[in-house]
Structures are given as structure tokens and as C-alpha cells.
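Listing of entry39.txt, compact mmCIF, C-alpha atoms
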# COMPACT_ATOMS: atom_id res chain seq x y z
CA MET A 1 63.81 129.70 27.77
CA PHE A 2 64.05 126.28 26.18
CA SER A 3 61.37 123.70 26.61
CA PHE A 4 62.40 120.08 27.10
CA LYS A 5 60.09 117.18 26.48
CA THR A 6 59.35 114.89 29.37
CA PRO A 7 61.44 111.71 28.93
CA SER A 8 59.44 108.93 27.31
CA VAL A 9 58.82 105.73 29.24
CA TYR A 10 60.23 103.84 26.28
CA GLN A 11 63.43 105.91 26.19
CA SER A 12 64.27 105.86 29.88
CA SER A 13 66.91 103.12 29.71
CA LYS A 14 69.79 102.11 27.45
CA CYS A 15 71.08 98.64 26.64
CA PHE A 16 74.82 98.00 26.22
CA LEU A 17 75.85 94.77 24.47
CA THR A 18 79.16 93.03 25.18
CA TYR A 19 80.62 89.93 23.56
CA GLY A 20 83.73 88.41 25.08
CA ALA A 21 85.47 85.55 26.87
CA MET A 22 85.25 84.93 30.61
CA GLY A 23 88.33 82.80 31.08
CA HIS A 24 88.61 80.25 33.87
CA SER A 25 86.62 80.96 37.02
CA ASP A 26 87.04 79.28 40.39
CA PRO A 27 83.89 79.33 42.59
CA LYS A 28 86.18 79.78 45.62
CA GLN A 29 87.93 82.81 44.08
CA VAL A 30 85.37 84.62 41.96
CA PRO A 31 86.78 87.54 39.93
CA ASN A 32 85.86 91.11 40.87
CA LYS A 33 87.12 92.83 37.72
CA GLY A 34 86.27 92.36 34.08
CA LYS A 35 82.92 91.62 32.54
CA PRO A 36 80.53 90.01 33.15
CA TRP A 37 81.56 89.95 36.83
CA SER A 38 81.92 93.71 37.20
CA ALA A 39 78.54 94.29 35.53
CA LEU A 40 76.81 92.12 38.13
CA LEU A 41 78.62 93.82 41.00
CA ALA A 42 77.69 97.26 39.65
CA GLN A 43 74.00 96.63 40.34
CA ASP A 44 72.73 98.16 43.55
CA PHE A 45 69.80 96.17 45.00
CA VAL A 46 68.79 93.05 43.08
CA HIS A 47 65.15 92.04 43.23
CA LYS A 48 65.05 88.96 41.00
CA VAL A 49 67.48 86.45 39.52
CA ASP A 50 66.48 84.04 36.71
CA LEU A 51 68.44 81.05 35.45
CA ILE A 52 67.39 79.43 32.15
CA LEU A 53 68.89 76.18 30.91
CA PRO A 54 67.95 73.00 29.00
CA GLU A 55 65.71 70.62 30.90
CA GLU A 56 68.19 67.73 30.65
CA LEU A 57 70.77 69.72 32.67
CA ALA A 58 68.43 70.79 35.45
CA HIS A 59 69.48 67.92 37.73
CA LEU A 60 73.07 69.23 37.80
CA VAL A 61 71.95 72.60 39.09
CA ARG A 62 69.50 71.04 41.50
CA ASP A 63 72.19 68.82 43.05
CA LYS A 64 75.05 71.34 43.18
CA ILE A 65 73.38 74.76 43.61
CA ILE A 66 69.78 74.79 44.80
CA GLY A 67 69.90 71.58 46.83
CA ASP A 68 71.19 73.37 49.94
CA SER A 69 68.56 75.77 51.29
CA ASN A 70 71.21 77.42 53.49
CA GLU A 71 72.74 78.94 50.34
CA ALA A 72 69.54 80.87 49.51
CA PRO A 73 69.67 84.64 50.18
CA VAL A 74 68.20 85.76 53.50
CA PHE A 75 66.85 89.24 54.19
CA TYR A 76 64.70 91.04 56.75
CA LYS A 77 61.87 93.53 56.71
CA VAL A 78 61.99 96.00 59.59
CA ILE A 79 60.34 99.30 60.57
CA MET A 80 62.79 101.96 61.73
CA ALA A 81 63.24 105.71 61.60
CA LEU A 82 66.37 106.93 59.84
CA GLY A 83 67.70 108.27 63.13
CA GLN A 84 67.60 104.78 64.67
CA VAL A 85 69.95 103.55 61.95
CA LEU A 86 72.50 106.14 63.07
CA GLU A 87 72.34 105.43 66.80
CA GLY A 88 74.03 103.15 69.31
CA ASP A 89 75.13 99.60 68.64
CA PHE A 90 73.29 99.42 65.31
CA PHE A 91 75.44 102.23 63.89
CA THR A 92 78.66 100.91 65.41
CA GLU A 93 78.28 97.17 64.75
CA TYR A 94 76.53 97.20 61.39
CA ILE A 95 77.87 100.32 59.65
CA LYS A 96 81.22 101.25 61.22
CA ILE A 97 82.43 97.67 61.76
CA GLY A 98 80.18 95.42 59.68
CA ASN A 99 78.72 95.64 56.19
CA ILE A 100 75.00 95.81 55.45
CA MET A 101 72.71 97.03 52.73
CA MET A 102 69.32 98.63 53.36
CA LEU A 103 66.60 100.09 51.16
CA SER A 104 63.53 101.96 52.36
CA GLU A 105 60.08 101.88 50.83
CA GLY A 106 58.94 104.45 48.26
CA ARG A 107 59.69 105.79 44.76
CA VAL A 108 62.68 108.06 44.31
CA ASP A 109 60.86 110.31 41.84
CA SER A 110 58.02 111.22 44.21
CA GLU A 111 58.78 110.21 47.82
CA SER A 112 61.56 110.41 50.38
CA VAL A 113 63.66 107.27 49.91
CA PHE A 114 66.80 106.19 51.75
CA SER A 115 69.37 103.55 50.85
CA LEU A 116 72.53 102.30 52.53
CA LYS A 117 75.27 100.32 50.80
CA GLU A 118 79.00 99.97 51.48
CA GLY A 119 78.61 102.51 54.28
CA VAL A 120 77.19 105.22 51.99
CA LEU A 121 73.83 106.68 52.98
CA THR A 122 71.86 108.08 50.02
CA MET A 123 68.71 110.16 50.50
CA TYR A 124 66.29 111.20 47.75
CA LEU A 125 64.27 114.21 48.92
CA ASP A 126 61.75 116.64 47.52
CA LYS A 127 62.61 120.35 47.58
CA GLU A 128 60.58 121.19 50.71
CA THR A 129 62.05 118.33 52.76
CA TYR A 130 65.56 119.11 51.49
CA GLU A 131 65.32 122.76 52.55
CA ARG A 132 63.86 121.92 55.98
CA ALA A 133 66.57 119.32 56.61
CA GLY A 134 69.34 121.86 55.99
CA LEU A 135 71.62 119.31 54.34
CA VAL A 136 73.96 119.80 51.39
CA GLY A 137 73.14 117.83 48.24
CA LYS A 138 72.76 118.15 44.52
CA PRO A 139 69.81 118.21 42.09
CA TYR A 140 68.51 114.78 41.09
CA GLY A 141 67.52 113.93 37.54
CA VAL A 142 68.56 114.82 34.00
CA LYS A 143 69.53 118.49 33.71
CA GLY A 144 66.83 120.52 32.02
CA LYS A 145 64.20 117.81 32.52
CA ARG A 146 63.50 118.04 36.22
CA GLY A 147 60.01 119.44 35.74
CA LEU A 148 58.10 121.58 38.19
CA LYS A 149 58.86 119.35 41.18
CA PRO A 150 62.65 119.35 41.57
CA ARG A 151 64.22 116.67 43.72
CA TRP A 152 67.54 116.45 45.50
CA VAL A 153 69.95 113.68 46.40
CA VAL A 154 72.12 113.82 49.53
CA GLN A 155 74.94 111.37 50.33
CA PHE A 156 77.03 110.69 53.44
CA ASP A 157 79.93 108.26 53.77
CA LEU A 158 79.11 106.95 57.22
CA ARG A 159 82.42 105.09 57.47
CA SER A 160 84.36 108.33 57.24
CA PRO A 161 86.28 109.21 60.44
CA SER A 162 84.36 112.50 60.54
CA MET A 163 81.01 110.68 60.84
CA LEU A 164 80.89 110.57 64.63
CA HIS A 165 78.75 112.24 67.27
CA GLY A 166 80.24 115.60 68.14
CA LYS A 167 81.45 116.25 64.60
CA LYS A 168 79.73 119.11 62.77
CA GLY A 169 78.68 117.19 59.67
CA PHE A 170 77.31 114.22 61.59
CA ASP A 171 75.49 116.38 64.11
CA ARG A 172 73.77 118.22 61.26
CA LEU A 173 72.60 114.86 59.87
CA ALA A 174 71.43 113.74 63.32
CA TYR A 175 69.51 117.01 63.73
CA ALA A 176 67.75 116.49 60.37
CA CYS A 177 66.84 112.91 61.37
CA LYS A 178 65.40 114.06 64.69
CA ASN A 179 63.38 117.05 63.45
CA VAL A 180 62.57 116.41 59.77
CA LEU A 181 63.32 112.84 58.65
CA ASN A 182 61.74 111.31 61.73
CA ARG A 183 58.93 109.22 60.26
CA PRO A 184 59.33 105.44 60.73
CA VAL A 185 59.58 103.66 57.39
CA THR A 186 59.76 100.05 56.25
CA TRP A 187 63.23 98.87 55.27
CA LEU A 188 64.64 95.82 53.54
CA PHE A 189 67.79 94.68 55.35
CA HIS A 190 70.57 92.28 54.40
CA ASN A 191 73.70 91.58 56.42
CA LEU A 192 76.87 90.91 54.40
CA SER A 193 79.10 90.27 57.44
CA THR A 194 78.94 88.23 60.64
CA ILE A 195 75.99 88.81 62.96
CA PRO A 196 77.08 90.68 66.12
CA THR A 197 76.17 89.41 69.58
CA PRO A 198 73.83 90.70 70.86
CA ASP A 199 72.17 91.56 67.56
CA PRO A 200 71.17 95.28 67.47
CA LEU A 201 68.54 94.49 64.83
CA ALA A 202 66.59 92.21 67.18
CA ARG A 203 65.20 95.08 69.27
CA HIS A 204 63.31 96.34 66.20
CA TYR A 205 61.44 93.02 65.74
CA PRO A 206 62.40 92.25 62.14
CA THR A 207 60.61 89.72 59.96
CA LYS A 208 62.90 87.17 58.31
CA TYR A 209 62.50 86.05 54.69
CA THR A 210 64.40 83.46 52.66
CA SER A 211 64.55 83.69 48.85
CA LEU A 212 63.98 80.02 48.11
CA PRO A 213 64.25 79.10 44.42
CA ALA A 214 61.09 78.66 42.36
CA VAL A 215 61.66 75.94 39.76
CA SER A 216 59.61 75.69 36.55
CA GLU A 217 60.41 72.49 34.68
CA GLY A 218 59.14 70.95 31.47
CA LEU A 219 58.57 74.25 29.63
CA LEU A 220 57.89 72.96 26.10
CA THR A 221 59.19 75.86 24.06
CA LYS A 222 60.19 76.91 20.57
CA ILE A 223 63.96 77.32 20.82
CA PRO A 224 65.87 79.33 18.21
CA SER A 225 69.49 78.74 17.27
CA LEU A 226 71.42 80.43 20.06
CA GLU A 227 74.74 80.26 18.22
CA PRO A 228 75.69 83.62 16.70
CA PRO A 229 75.66 83.48 12.88
CA ALA A 230 79.06 82.72 11.42
CA GLY A 231 81.09 85.75 10.44
CA ILE A 232 79.23 88.31 12.55
CA ILE A 233 82.00 88.69 15.12
CA GLU A 234 84.92 88.41 12.71
CA SER A 235 83.55 90.86 10.15
CA GLU A 236 82.32 93.27 12.83
CA ASN A 237 78.98 93.48 11.03
CA ARG A 238 77.23 95.83 13.44
CA LEU A 239 73.74 95.62 11.93
CA ASP A 240 73.63 91.81 11.87
CA LEU A 241 75.04 91.66 15.40
CA ASP A 242 72.44 94.12 16.67
CA GLU A 243 69.65 92.13 15.02
CA TYR A 244 70.86 88.84 16.51
CA ALA A 245 71.33 90.36 19.98
CA THR A 246 67.92 92.07 19.97
CA GLU A 247 66.05 88.96 18.88
CA ILE A 248 67.79 86.64 21.37
CA TYR A 249 67.35 89.09 24.25
CA GLU A 250 63.64 89.37 23.44
CA TRP A 251 63.32 85.58 23.34
CA LEU A 252 65.11 85.18 26.68
CA SER A 253 62.87 87.84 28.21
CA LEU A 254 59.76 85.99 27.04
CA VAL A 255 61.10 82.75 28.56
CA ARG A 256 61.59 84.57 31.87
CA LEU A 257 57.95 85.69 31.67
CA GLU A 258 56.79 82.18 30.63
CA SER A 259 55.01 83.82 27.72
CA PRO A 260 52.49 81.59 25.92
CA ARG A 261 53.85 82.99 22.62
CA LEU A 262 56.74 80.53 22.93
CA ASN A 263 54.58 77.44 23.48
CA VAL A 264 54.91 74.89 20.69
CA ASP A 265 51.12 74.71 20.37
CA ASP A 266 50.53 78.48 20.46
CA SER A 267 47.91 79.45 17.88
CA ILE A 268 47.10 83.06 18.70
CA ASP A 269 45.63 85.22 15.97
CA PRO A 270 48.52 87.12 14.30
CA TYR A 271 46.35 90.22 14.48
CA LEU A 272 46.73 90.11 18.29
CA SER A 273 50.41 89.16 18.36
CA GLY A 274 52.90 89.26 15.55
CA TYR A 275 55.76 87.67 17.49
CA ILE A 276 57.69 84.94 15.67
CA THR A 277 60.53 82.94 17.19
CA PRO A 278 63.75 84.28 15.59
CA GLY A 279 65.61 82.31 12.94
CA ASP A 280 64.66 80.27 9.90
CA ALA A 281 61.95 77.65 10.31
CA GLU A 282 64.44 74.79 10.02
CA GLU A 283 66.61 76.30 12.77
CA VAL A 284 63.80 76.59 15.32
CA GLN A 285 63.41 73.43 17.40
CA ASN A 286 60.97 72.28 20.01
CA GLY A 287 62.55 71.52 23.35
CA LYS A 288 62.06 71.58 27.10
CA LEU A 289 63.54 74.31 29.26
CA CYS A 290 63.94 74.81 32.99
CA ARG A 291 63.66 78.21 34.65
CA ILE A 292 64.88 78.76 38.22
CA SER A 293 64.05 82.06 39.93
CA TRP A 294 65.04 83.73 43.19
CA GLN A 295 63.13 86.81 44.33
CA GLY A 296 63.70 89.10 47.29
CA PHE A 297 66.41 91.48 48.48
CA ILE A 298 69.52 89.95 46.95
CA PRO A 299 73.11 91.26 47.17
CA PRO A 300 75.03 91.52 43.87
CA LYS A 301 77.83 89.37 45.33
CA TRP A 302 75.39 86.48 45.64
CA THR A 303 74.46 86.83 41.95
CA ARG A 304 78.15 86.83 40.99
CA GLN A 305 78.79 83.72 43.08
CA THR A 306 75.77 81.97 41.53
CA LEU A 307 77.12 82.65 38.04
CA ALA A 308 80.46 81.08 39.00
CA ASN A 309 78.68 78.06 40.51
CA VAL A 310 76.56 77.54 37.39
CA ILE A 311 79.61 77.69 35.11
CA HIS A 312 81.35 75.12 37.31
CA ALA A 313 78.30 72.81 37.53
CA LEU A 314 77.34 72.63 33.84
CA PRO A 315 79.26 71.03 30.95
CA SER A 316 81.50 73.56 29.22
CA LYS A 317 79.73 73.28 25.84
CA SER A 318 76.18 73.64 27.18
CA TRP A 319 74.27 76.91 27.03
CA PHE A 320 72.55 78.79 29.82
CA SER A 321 71.32 82.29 30.62
CA LEU A 322 71.48 84.14 33.95
CA SER A 323 69.58 87.41 34.49
CA ALA A 324 69.53 89.81 37.44
CA THR A 325 67.01 92.64 37.76
CA THR A 326 67.13 95.45 40.32
CA PHE A 327 64.25 97.13 42.12
CA ALA A 328 62.30 99.64 40.06
CA ARG A 329 62.98 103.18 41.24
CA GLY A 330 60.28 105.32 39.64
CA ILE A 331 56.62 105.37 38.80
CA VAL A 332 57.32 104.11 35.27
CA GLY A 333 58.87 100.94 36.68
CA ASP A 334 62.30 101.31 35.06
CA SER A 335 64.96 99.06 36.55
CA ALA A 336 68.48 97.97 35.71
CA ASP A 337 68.97 94.50 34.27
CA CYS A 338 71.93 92.25 33.43
CA THR A 339 71.40 89.21 31.21
CA ILE A 340 74.28 86.84 30.45
CA LEU A 341 74.12 84.13 27.78
CA ARG A 342 76.75 81.47 27.23
CA PRO A 343 76.05 80.21 23.68
CA PRO A 344 76.12 76.47 22.96
CA LYS A 345 79.45 74.90 21.93
CA SER A 346 81.26 78.08 23.03
CA PRO A 347 83.17 77.41 26.27
CA GLY A 348 84.16 80.65 27.97
CA GLU A 349 82.35 82.93 25.53
CA TYR A 350 79.42 85.08 26.57
CA PHE A 351 76.98 87.77 25.50
CA LEU A 352 76.06 90.41 28.06
CA TRP A 353 73.05 92.70 27.82
CA ASP A 354 73.52 95.49 30.38
CA VAL A 355 70.35 97.59 30.65
CA ARG A 356 70.92 100.77 32.63
CA ARG A 357 68.28 103.21 33.76
CA HIS A 358 68.78 106.99 33.68
CA ASP A 359 68.82 108.30 37.26
C-alpha cells encoding of this file:
Amino acid sequence: MFSFKTPSVYQSSKCFLTYGAMGHSDPKQVPNKGKPWSALLAQDFVHKVDLILPEELAHLVRDKIIGDSNEAPVFYKVIMALGQVLEGDFFTEYIKIGNIMMLSEGRVDSESVFSLKEGVLTMYLDKETYERAGLVGKPYGVKGKRGLKPRWVVQFDLRSPSMLHGKKGFDRLAYACKNVLNRPVTWLFHNLSTIPTPDPLARHYPTKYTSLPAVSEGLLTKIPSLEPPAGIIESENRLDLDEYATEIYEWLSLVRLESPRLNVDDSIDPYLSGYITPGDAEEVQNGKLCRISWQGFIPPKWTRQTLANVIHALPSKSWFSLSATTFARGIVGDSADCTILRPPKSPGEYFLWDVRRHD
């Protein structure tokens, strides 16, 4: 027998850095392939989107992007049993014909959690529930580190022609929903297609939410040089590139948090915080930033479209950063995150920090 250490909270995710060129992007025909577009689409359920840019450019975004409240993401909170999702008009109109995404409450490492995206139903179950349900799945978690409470993940492609009442596989799922997975749970719901008439969701009395942008202006901040040091890319100096990328990602994260450590008048005792804005003293400047945030149940396609709109709205040589963070899945709060930075005076170039959790 080999003993495996429990994964550390600080080692649960990995960050992948990409430097490249985006090329021309048309807001009416946003690319699906190639980074950073594919990295944004690869996220499952986005919880928060942050846009950081210089204060003097905020009016461009306000006029062209956030001025129309109808463009803000809309989602619903509804209480339903899993079996109700697979019945009647809801199943036909929203899953077989339409396109929705749903996420139930709970933590995947300790509770029964269900998600639905692109017609694929994913269920995270503990061992007892999995055995009672009689479904076929696979162990969930890193092999050898599943602990004393093993969990299982079960998936069904509900758009498959075999997923119909009267078919063996679907009837087994319906039986599990009726006899085991029958507890009503709270779901987040977002419709990616046209709303059917009559709306099958209405009979479940959903609560509507709109992710209106929260704008923080006039953030007087210590701003480092965001241009990558000369020669780092050409010489493929990995250590210098890693140092630059780590420091800038940390600074952007602190801006997203509105950390007082970045205030120009911050005078905290260095014994309590040793953070220093990256770069030489003569490179660090005081300036005003604007942070715009959307929070809710946001589809990745909306984030991709927002990136294209921002690129189109801002001058080509200006810098900005767009970040998208998914819902945390476990008790340690680990979530996936994509942060994109277009450096100043670098049209079309970008840095991408792609933080991926270990499921």
C-alpha cells in the first residue's frame, strides 16, 4: 500500500501562460478557435467578469458596451427536482430543441451536484447515492487521492437519439430521478436560445436576475510598466518571462480586489505586508484606473463577445485587462480563471493567464 498526501490547497490549480497575437476581430463574427477566444469558451459556468482599463478611456466603454442594459447577462434562480428537468415540454423545448445551461447548488466534493451544458447532464454523487441510483459512471478525483469518501461522476448526452422515454438508458435515468435523486434543489438557469411559447420554465416560478455592471472609477493606483521588458520574448528567457508574468498577474489580481496595497498613499507597516508594486521606482507611476465588474451566472459566449467589443471600442495602442472567473467547485474555493492583458503600444498582442483547477 502506498500512502498519498492530501492535495494542498495551494497546489490545487495550475497556471498556463500564453503570449501571442490575436489578429483582427469583428464583433459581428467573433472567432471560436485560437487563443484567447478558445480559452474563454472552455470555461464552464462563469461567475464574475472584471474589466480594468485607464480612467481616461472609461467613457468609450460606457458609451459602446455598458450603456445598453439589455446587453447585460440575464439568468434565473429556480427550484426543481432533477426529474422535472427531464419531463415534458421543458425537456423537449429547452434541451432537445433549444440550448440552456443549468447548475445546481452544492459542492462537488461533498454533495450531490448536477450541471447541464450543451445538452450534457453531469452528476457528481457520493458512493451511497451512486450505488442506489444504479447508474454507470466513473470515479471522480485524482487517482490515488480520493480519500476515504470516494465520489463518482455520471454523464448523459441528453441530445442523443437514444435519450427518449421508452429507451433503456433513459428509463434507467428516469427511475433514478424518481426514486433516488428526487429532492428539489435550487438551480441557476440561463437560456442561450429563443424563449419558447408558452415558456415551460414559468410553471416553476423562477426569479429573474440581471448582471448589471458595477463601475468603480477614480481608483488612484500605483501602476507598473505593463510593457514586457525588451528582449524577453525574442531571447526566450524563461525565467525573466515567468517573473514578469507572475508580478503583473499579481498586480492585476490586487486591482480586481481593490486592494489598499496599491493606493498611492498606502503606508502600511512592512511587517504586516511586504508587497511592493513591481518594477523600478522610476517606472512606477501614479494613475487613475476604472474597474467594471459583472457578477452572476454568465455564459462563456458572453465573455468572448465582451472581449471583442472592448477591442473594437478602445484605441489599438491602449492597454486593458479582462478576467473571467468560474464558480468555485469545492470546499477550498478553487475555481478556474482566465485573465487577458493587452499591453500598451502593442496592437493585437496579448498575454493570457489560464488558471485551471484539478477536477
Could you list, as a count of residues only, every residue within 12 Å of A:Thr306, counting all atoms listed in the file and ignoring same-chain residues fewer than 5 positions away? 31
My list of candidates is A:Arg107, A:Thr186, A:Pro213, A:Lys168. Which is closest to A:Asp68 when distances are computed with only C-alpha atoms? A:Pro213
So how many Å separate atom CA of A:Arg261 and atom CA of A:Ile276, to one decimal?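 Atom CA of A:Ile276 lies at a distance of 8.2 Å from atom CA of A:Arg261.
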Using all atoms of stretch 163-181 of chain A that appear in the file, construct an axis-aligned enclosing box with 6 Å of padding on every side and provide its centre coordinates and edge lengths in Å, rounded to one decimal, as JSON.
{"center_x": 72.0, "center_y": 114.8, "center_z": 63.4, "size_x": 30.9, "size_y": 20.5, "size_z": 21.5}
Just the number, please: distance in Å from atom CA of A:Thr197 to atom CA of A:Asp89, one decimal. 10.3 Å
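Counting all atoms listed in the file, the residue from A:Thr246, A:Thr92, A:Ser193, A:Thr325 that sits nearest to A:Leu164 is A:Thr92.
Coordinates place atom CA of A:Ser318 at a distance of 14.3 Å from atom CA of A:Lys288.
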Do you know which residues are at most 7 Å from A:Ser225 counting all atoms listed in the file, after dropping those on the same chain fewer than 6 positions away, and could you put them as number ranges by chain? A: 279, 283-284
Give me the residues near A:Arg356 as a VMD selection string, where near means some atom within 12 Å (using only C-alpha atoms) and where sequence neighbours in that chain fewer than 2 positions away do not count. chain A and resid 11 to 17 39 to 40 42 to 44 325 to 326 328 to 329 334 to 339 353 to 354 358 to 359
Excluding same-chain residues fewer than 6 positions from A:Gly134, what lies within 9 Å of it counting all atoms listed in the file, as a PyMOL selection string? chain A and resi 172-173+176
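The point (66.1, 71.4, 15.4) has these residues within 12 Å of it, counting all atoms listed in the file: Thr221, Lys222, Ile223, Pro224, Ser225, Leu226, Gly279, Asp280, Ala281, Glu282, Glu283, Val284, Gln285, Asn286 and Gly287 of chain A.
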Write a file of the just-selected residues containing C-alpha atoms, as a PDB file, keeping the file's coordinate frame.
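Generated output (part_8.pdb):
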ATOM      1  CA  THR A 221      59.190  75.860  24.060  1.00  0.00           C
ATOM      2  CA  LYS A 222      60.190  76.910  20.570  1.00  0.00           C
ATOM      3  CA  ILE A 223      63.960  77.320  20.820  1.00  0.00           C
ATOM      4  CA  PRO A 224      65.870  79.330  18.210  1.00  0.00           C
ATOM      5  CA  SER A 225      69.490  78.740  17.270  1.00  0.00           C
ATOM      6  CA  LEU A 226      71.420  80.430  20.060  1.00  0.00           C
ATOM      7  CA  GLY A 279      65.610  82.310  12.940  1.00  0.00           C
ATOM      8  CA  ASP A 280      64.660  80.270   9.900  1.00  0.00           C
ATOM      9  CA  ALA A 281      61.950  77.650  10.310  1.00  0.00           C
ATOM     10  CA  GLU A 282      64.440  74.790  10.020  1.00  0.00           C
ATOM     11  CA  GLU A 283      66.610  76.300  12.770  1.00  0.00           C
ATOM     12  CA  VAL A 284      63.800  76.590  15.320  1.00  0.00           C
ATOM     13  CA  GLN A 285      63.410  73.430  17.400  1.00  0.00           C
ATOM     14  CA  ASN A 286      60.970  72.280  20.010  1.00  0.00           C
ATOM     15  CA  GLY A 287      62.550  71.520  23.350  1.00  0.00           C
TER      16      GLY A 287
END
Can you tell me, as an mmCIF file with C-alpha atoms, in the frame of the given file, what residues are no more than 12 Å from A:His204 when counting only C-alpha atoms, ignoring any on the same chain fewer than 4 positions away?
data_model
loop_
_atom_site.group_PDB
_atom_site.id
_atom_site.type_symbol
_atom_site.label_atom_id
_atom_site.label_comp_id
_atom_site.auth_asym_id
_atom_site.auth_seq_id
_atom_site.Cartn_x
_atom_site.Cartn_y
_atom_site.Cartn_z
ATOM 1 C CA TYR A 76 64.700 91.040 56.750
ATOM 2 C CA LYS A 77 61.870 93.530 56.710
ATOM 3 C CA VAL A 78 61.990 96.000 59.590
ATOM 4 C CA ILE A 79 60.340 99.300 60.570
ATOM 5 C CA MET A 80 62.790 101.960 61.730
ATOM 6 C CA ALA A 81 63.240 105.710 61.600
ATOM 7 C CA GLN A 84 67.600 104.780 64.670
ATOM 8 C CA VAL A 85 69.950 103.550 61.950
ATOM 9 C CA PHE A 90 73.290 99.420 65.310
ATOM 10 C CA PRO A 184 59.330 105.440 60.730
ATOM 11 C CA THR A 186 59.760 100.050 56.250
ATOM 12 C CA TRP A 187 63.230 98.870 55.270
ATOM 13 C CA PHE A 189 67.790 94.680 55.350
ATOM 14 C CA ASP A 199 72.170 91.560 67.560
ATOM 15 C CA PRO A 200 71.170 95.280 67.470
#
Closest to A:Pro198 among A:Pro139, A:Tyr94, A:Glu131, A:Lys33, using only C-alpha atoms?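 The closest residue to A:Pro198 is A:Tyr94.
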Out of A:Leu352, A:Leu116, A:Ala308, A:Ala245, which residue has the shortest atom-to-atom distance to A:Asn32 when counting only C-alpha atoms? A:Ala308
